[in-house]
>>> print(open('run27.tsv').read())   # TSV, C-alpha atoms
chain	number	residue	atom	x	y	z
N	223	MET	CA	-5.07	15.91	-34.03
N	224	LEU	CA	-2.77	12.95	-34.65
N	225	GLU	CA	-0.15	14.59	-32.51
N	226	GLN	CA	-2.64	14.98	-29.68
N	227	MET	CA	-3.62	11.32	-29.95
N	228	ALA	CA	0.00	10.29	-29.81
N	229	GLN	CA	0.48	12.42	-26.70
N	230	GLU	CA	-2.52	10.81	-25.03
N	231	ARG	CA	-1.10	7.40	-25.84
N	232	ASP	CA	2.26	8.37	-24.33
N	233	LYS	CA	0.59	9.54	-21.16
N	234	ALA	CA	-1.43	6.37	-20.77
N	235	GLY	CA	1.68	4.30	-21.42
N	236	LEU	CA	3.64	6.25	-18.84
N	237	GLN	CA	0.99	5.80	-16.20
N	238	GLN	CA	0.80	2.11	-16.95
N	239	GLN	CA	4.54	1.81	-16.51
N	240	ILE	CA	4.40	3.69	-13.20
N	241	ASP	CA	1.61	1.47	-11.91
N	242	GLU	CA	3.38	-1.70	-13.02
N	243	ASN	CA	6.45	-0.59	-11.09
N	244	LEU	CA	4.36	0.37	-8.04
N	245	LYS	CA	2.86	-3.12	-8.02
N	246	ARG	CA	6.36	-4.54	-8.17
N	247	VAL	CA	7.50	-2.41	-5.19
N	248	TYR	CA	4.46	-3.61	-3.23
N	249	GLU	CA	4.81	-7.24	-4.26
N	250	GLU	CA	8.46	-7.20	-3.31
N	251	ALA	CA	7.42	-6.21	0.22
N	252	LEU	CA	4.52	-8.71	0.17
N	253	GLY	CA	6.85	-11.54	-0.74
N	254	GLN	CA	8.95	-11.14	2.38
N	255	GLU	CA	8.40	-13.76	5.03
N	256	VAL	CA	6.44	-12.59	8.06
N	257	PRO	CA	8.68	-12.90	11.15
N	258	ASP	CA	7.77	-15.41	13.88
N	259	ARG	CA	7.39	-12.61	16.43
N	260	PHE	CA	3.94	-11.90	15.01
N	261	LYS	CA	2.77	-15.50	15.36
N	262	GLN	CA	3.99	-15.41	18.96
N	263	LEU	CA	2.27	-12.10	19.57
N	264	LEU	CA	-1.05	-13.43	18.23
N	265	ALA	CA	-0.71	-16.55	20.39
N	266	GLN	CA	-0.10	-14.35	23.46
N	267	LEU	CA	-3.13	-12.19	22.68
N	268	ARG	CA	-5.33	-15.26	22.28
N	269	GLU	CA	-4.08	-16.69	25.55
N	270	LYS	CA	-4.89	-13.46	27.36
N	271	ASP	CA	-8.41	-13.58	25.90
N	272	THR	CA	-9.08	-17.09	27.15
N	273	LYS	CA	-7.94	-16.14	30.65
N	274	LYS	CA	-10.52	-13.36	30.88
I	243	MET	CA	-8.08	-13.99	-3.72
I	244	THR	CA	-11.46	-14.79	-2.25
I	245	SER	CA	-14.29	-16.43	-4.13
I	246	ASN	CA	-17.60	-14.72	-4.76
I	247	GLU	CA	-19.51	-17.41	-2.92
I	248	PRO	CA	-21.21	-16.21	0.23
I	249	GLN	CA	-19.14	-16.93	3.29
I	250	ALA	CA	-20.09	-17.19	6.91
I	251	VAL	CA	-19.04	-14.04	8.74
I	252	ARG	CA	-15.73	-14.85	10.33
I	253	ASP	CA	-14.23	-13.74	13.59
I	254	PRO	CA	-11.70	-11.02	12.72
I	255	ARG	CA	-9.28	-12.70	15.16
I	256	ASP	CA	-9.22	-15.76	12.90
I	257	GLU	CA	-8.96	-13.67	9.76
I	258	LEU	CA	-6.20	-11.31	10.94
I	259	PRO	CA	-3.22	-13.64	10.21
I	260	GLU	CA	-4.18	-13.71	6.52
I	261	HIS	CA	-3.72	-9.95	6.34
I	262	LEU	CA	-0.28	-9.89	7.97
I	263	PRO	CA	1.77	-9.99	4.75
I	264	ALA	CA	-0.27	-7.11	3.27
I	265	LEU	CA	-0.15	-5.16	6.52
I	266	ARG	CA	3.60	-5.57	6.65
I	267	ALA	CA	4.00	-4.62	2.99
I	268	PHE	CA	2.00	-1.43	3.63
I	269	ALA	CA	4.17	-0.68	6.71
I	270	ILE	CA	7.35	-1.18	4.68
I	271	SER	CA	5.96	1.11	1.97
I	272	LEU	CA	5.26	3.84	4.51
I	273	THR	CA	8.43	3.62	6.61
I	274	ARG	CA	11.03	2.29	4.11
I	275	ASN	CA	12.68	0.86	7.23
I	276	MET	CA	12.28	-2.82	8.17
I	277	ALA	CA	12.71	-2.38	11.93
I	278	ALA	CA	10.27	0.54	12.03
I	279	ALA	CA	7.83	-1.39	9.82
I	280	ASP	CA	7.80	-4.38	12.16
I	281	ASP	CA	7.29	-2.17	15.23
I	282	LEU	CA	4.42	-0.50	13.40
I	283	VAL	CA	2.82	-3.85	12.54
I	284	GLN	CA	3.20	-5.00	16.14
I	285	ASP	CA	1.48	-1.85	17.48
I	286	THR	CA	-1.25	-2.24	14.86
I	287	ILE	CA	-1.97	-5.85	15.85
I	288	VAL	CA	-2.22	-4.94	19.55
I	289	LYS	CA	-4.46	-1.94	18.83
I	290	ALA	CA	-6.68	-3.98	16.51
I	291	TRP	CA	-6.97	-6.80	19.02
I	292	THR	CA	-8.11	-4.51	21.81
I	293	ASN	CA	-10.57	-2.73	19.50
I	294	PHE	CA	-12.20	-5.63	17.69
I	295	ASP	CA	-15.46	-4.79	19.47
I	296	LYS	CA	-15.50	-1.63	17.32
I	297	PHE	CA	-15.04	-3.56	14.08
I	298	THR	CA	-18.24	-4.19	12.10
I	299	LYS	CA	-18.19	-7.86	11.14
I	300	GLY	CA	-18.59	-8.48	7.44
I	301	THR	CA	-16.93	-5.20	6.45
I	302	ASN	CA	-13.45	-4.96	4.94
I	303	LEU	CA	-11.05	-6.09	7.68
I	304	ARG	CA	-7.97	-5.29	5.61
I	305	ALA	CA	-9.11	-1.69	5.13
I	306	TRP	CA	-9.82	-1.44	8.86
I	307	LEU	CA	-6.35	-2.77	9.74
I	308	PHE	CA	-4.65	-0.51	7.18
I	309	THR	CA	-6.46	2.47	8.72
I	310	ILE	CA	-5.14	1.63	12.20
I	311	LEU	CA	-1.65	1.17	10.79
I	312	ARG	CA	-1.50	4.46	8.90
I	313	ASN	CA	-3.04	6.42	11.80
I	314	THR	CA	-0.45	4.91	14.15
I	315	PHE	CA	2.32	5.75	11.69
I	316	TYR	CA	1.34	9.42	11.40
I	317	SER	CA	0.74	9.82	15.12
I	318	ASP	CA	4.19	8.30	15.90
I	319	LYS	CA	5.73	10.54	13.27
I	320	ARG	CA	4.28	13.63	14.95
I	321	LYS	CA	5.59	12.51	18.33
I	322	ASN	CA	9.15	11.76	17.34
I	323	ARG	CA	11.19	12.43	14.29
I	324	ARG	CA	13.93	9.91	15.00
I	325	GLU	CA	12.84	7.24	12.56
I	326	VAL	CA	14.67	7.60	9.32
I	327	ALA	CA	14.09	5.71	6.13
I	328	ASP	CA	16.58	2.93	5.52
I	329	PRO	CA	15.97	1.87	1.94
I	330	GLU	CA	19.18	-0.19	1.85
I	331	GLY	CA	17.74	-2.48	4.50
I	332	VAL	CA	14.41	-2.66	2.73
I	333	HIS	CA	16.04	-3.62	-0.56
I	334	ALA	CA	18.66	-5.96	0.87
I	335	GLY	CA	16.44	-9.00	0.53
I	336	SER	CA	15.32	-8.26	-2.99
I	337	LEU	CA	16.54	-10.20	-5.97
I	338	PHE	CA	19.08	-8.79	-8.32
I	339	VAL	CA	17.22	-6.88	-10.98
I	340	LYS	CA	18.63	-7.10	-14.44
I	341	PRO	CA	18.66	-3.84	-16.40
I	342	ASP	CA	15.80	-3.27	-18.78
I	343	HIS	CA	16.81	-2.94	-22.39
I	344	ASP	CA	13.43	-2.53	-23.97
I	345	GLY	CA	13.04	1.16	-23.22
I	346	ARG	CA	10.88	0.66	-20.14
I	347	MET	CA	11.92	2.41	-16.99
I	348	ALA	CA	14.41	0.46	-14.92
I	349	PHE	CA	12.93	-0.89	-11.73
I	350	THR	CA	15.87	-0.02	-9.47
I	351	GLU	CA	15.73	3.57	-10.66
I	352	PHE	CA	11.99	3.63	-10.04
I	353	ARG	CA	12.41	2.24	-6.52
I	354	THR	CA	15.01	4.87	-5.65
I	355	ALA	CA	12.58	7.57	-6.77
I	356	PHE	CA	9.76	5.93	-4.79
I	357	ASP	CA	11.94	5.99	-1.64
I	358	LYS	CA	12.37	9.75	-2.06
I	359	LEU	CA	8.65	10.51	-2.10
I	360	THR	CA	6.95	11.80	1.03
I	361	PRO	CA	5.17	9.10	3.10
I	362	GLU	CA	1.84	10.72	2.10
I	363	HIS	CA	2.66	10.22	-1.57
I	364	ARG	CA	3.92	6.67	-1.05
I	365	GLU	CA	0.77	5.89	0.90
I	366	VAL	CA	-1.68	7.07	-1.75
I	367	LEU	CA	0.20	5.35	-4.57
I	368	ILE	CA	0.41	2.04	-2.75
I	369	LEU	CA	-3.26	2.14	-1.77
I	370	VAL	CA	-4.74	3.02	-5.16
I	371	GLY	CA	-1.92	2.10	-7.53
I	372	ALA	CA	-0.63	-1.17	-6.14
I	373	SER	CA	-2.78	-2.81	-3.50
I	374	GLY	CA	-6.03	-2.55	-5.45
I	375	PHE	CA	-8.14	-0.39	-3.15
I	376	SER	CA	-10.75	1.85	-4.73
I	377	TYR	CA	-10.47	5.64	-4.43
I	378	GLU	CA	-13.49	5.46	-2.11
I	379	ASP	CA	-11.81	2.89	0.17
I	380	ALA	CA	-8.59	4.90	0.19
I	381	ALA	CA	-10.50	8.09	1.02
I	382	GLY	CA	-12.12	6.32	3.96
I	383	MET	CA	-8.77	5.04	5.23
I	384	MET	CA	-7.01	8.37	4.80
I	385	GLY	CA	-9.92	10.34	6.24
I	386	VAL	CA	-10.10	12.71	3.26
I	387	ALA	CA	-12.43	13.33	0.32
I	388	VAL	CA	-12.26	11.15	-2.79
I	389	GLY	CA	-11.20	14.21	-4.81
I	390	THR	CA	-8.26	14.72	-2.46
I	391	VAL	CA	-7.14	11.13	-2.98
I	392	LYS	CA	-7.28	11.60	-6.76
I	393	SER	CA	-5.37	14.88	-6.76
I	394	ARG	CA	-2.79	13.55	-4.31
I	395	ALA	CA	-2.28	10.43	-6.44
I	396	ASN	CA	-1.88	12.61	-9.53
I	397	ARG	CA	0.70	14.80	-7.81
I	398	ALA	CA	2.58	11.76	-6.52
I	399	ARG	CA	2.70	10.21	-10.00
I	400	ALA	CA	3.84	13.51	-11.49
I	401	ARG	CA	6.54	13.75	-8.80
I	402	LEU	CA	7.78	10.25	-9.70
I	403	ALA	CA	7.74	11.09	-13.40
I	404	ALA	CA	9.76	14.26	-12.73
I	405	MET	CA	12.35	12.38	-10.67
I	406	LEU	CA	12.63	9.78	-13.40
I	407	HIS	CA	13.02	12.59	-15.98
I	408	LEU	CA	9.86	11.54	-17.76
I	409	GLU	CA	7.77	14.13	-19.49
I	410	PRO	CA	5.85	16.15	-16.89
I	411	GLY	CA	2.37	17.52	-17.50
I	412	GLU	CA	-0.66	18.69	-15.52
I	413	GLN	CA	-3.12	16.34	-17.20
I	414	MET	CA	-0.70	13.50	-17.52
I	415	PHE	CA	-2.38	11.18	-15.08
I	416	ALA	CA	-6.01	12.03	-15.56
I	417	GLY	CA	-8.30	9.19	-16.53
I	418	VAL	CA	-7.21	6.64	-13.96
I	419	ASP	CA	-9.38	3.60	-14.33
I	420	SER	CA	-11.09	3.86	-10.97
I	421	THR	CA	-14.07	1.82	-12.17
I	422	THR	CA	-11.94	-1.28	-12.51
I	423	LEU	CA	-10.44	-0.75	-9.07
I	424	ALA	CA	-13.88	-0.20	-7.53
I	425	VAL	CA	-15.23	-3.37	-9.12
I	426	MET	CA	-12.20	-5.32	-7.90
I	427	SER	CA	-12.67	-3.95	-4.43
I	428	ARG	CA	-16.40	-4.72	-4.32
I	429	SER	CA	-15.88	-8.31	-5.35
I	430	GLY	CA	-13.26	-8.71	-2.64
I	431	MET	CA	-10.56	-9.02	-5.25
I	432	THR	CA	-8.02	-6.87	-3.47
I	433	ALA	CA	-4.52	-8.09	-4.08
I	434	ALA	CA	-3.16	-10.39	-1.40
>>> encode(input="run27.tsv", output="structure tokens")
Amino acid sequence: MLEQMAQERDKAGLQQQIDENLKRVYEEALGQEVPDRFKQLLAQLREKDTKK
Amino acid sequence: MTSNEPQAVRDPRDELPEHLPALRAFAISLTRNMAAADDLVQDTIVKAWTNFDKFTKGTNLRAWLFTILRNTFYSDKRKNRREVADPEGVHAGSLFVKPDHDGRMAFTEFRTAFDKLTPEHREVLILVGASGFSYEDAAGMMGVAVGTVKSRANRARARLAAMLHLEPGEQMFAGVDSTTLAVMSRSGMTAA
């Protein structure tokens, strides 16, 4: 019984660690500056819309 | 983070720039290649822009954009197999990570294992494990049943655990707190 509870706790801890690391992988990518090419692209798309 | 106060329904064209960092982060997670990620984001923006008439205002724009991005990714992948992951490039800009001494798994080791997963496994883990989407949202984006999302996420976590030499087990990742994620998603509290 106690052993089973300990196992459950290990599993939950492991999953928590995995998810914490996943968030870190994602946040690392989120933190990167968005290149100017996308601002330019959006400006071009808007300009095309107004010309319609 | 958005507030819970009611907001006027915004034009998705005005809202799109706010989702660019998340869109790009998702693209990097899928491709593990900066150049390929930026091309993917560019194609997604153009496709979204020309299809905004099909977007239902007031629904989740980020989920809609993510769906276009992942569909574009898989359709490109079927067409050509030239794109290869370039994790070195993806990690080049990251800060030096000091080794963990408190018994927790080292982040660099984790990231290397993450890079080795299939794009399908990276996708499901980023959607439900990191970017705060509910299983229901992820199922909608991936075009599969909620049960499929759960089992795929479980397999992906087990795969990571195996690569990191952590104790494997069939039931290891049951009991994911999907309620919390669903509540976060409903209140618009998806991570930026």
>>> atom_distance(input="run27.tsv", atom1="CA of Gly389 in chain I", atom2="CA of Tyr377 in chain I")
8.6 Å
>>> atom_distance(input="run27.tsv", atom1="CA of Leu265 in chain I", atom2="CA of Leu311 in chain I")
7.8 Å
>>> residues_around(input="run27.tsv", residues="Val288 in chain I", least_positions_apart="6", cutoff="9 Å", atoms="all atoms listed in the file", output="list in words")
Leu263, Leu264 and Leu267 of chain N
>>> interface_residues(input="run27.tsv", of="chain N", to="chain I", cutoff="6 Å", atoms="all atoms listed in the file", output="list in words")
Lys233, Asp241, Leu244, Lys245, Ala251 and Leu252 of chain N
>>> closest_residue(input="run27.tsv", among="I:Asp295, I:Ala305, I:Ala355, I:Ala327", to="Asn243 in chain N", atoms="only C-alpha atoms")
I:Ala355
>>> closest_residue(input="run27.tsv", among="I:Ala404, I:Ala380, I:Val251, I:Ala277", to="Leu359 in chain I", atoms="only C-alpha atoms")
I:Ala404
>>> atom_distance(input="run27.tsv", atom1="CA of Phe308 in chain I", atom2="CA of Ser393 in chain I")
20.8 Å
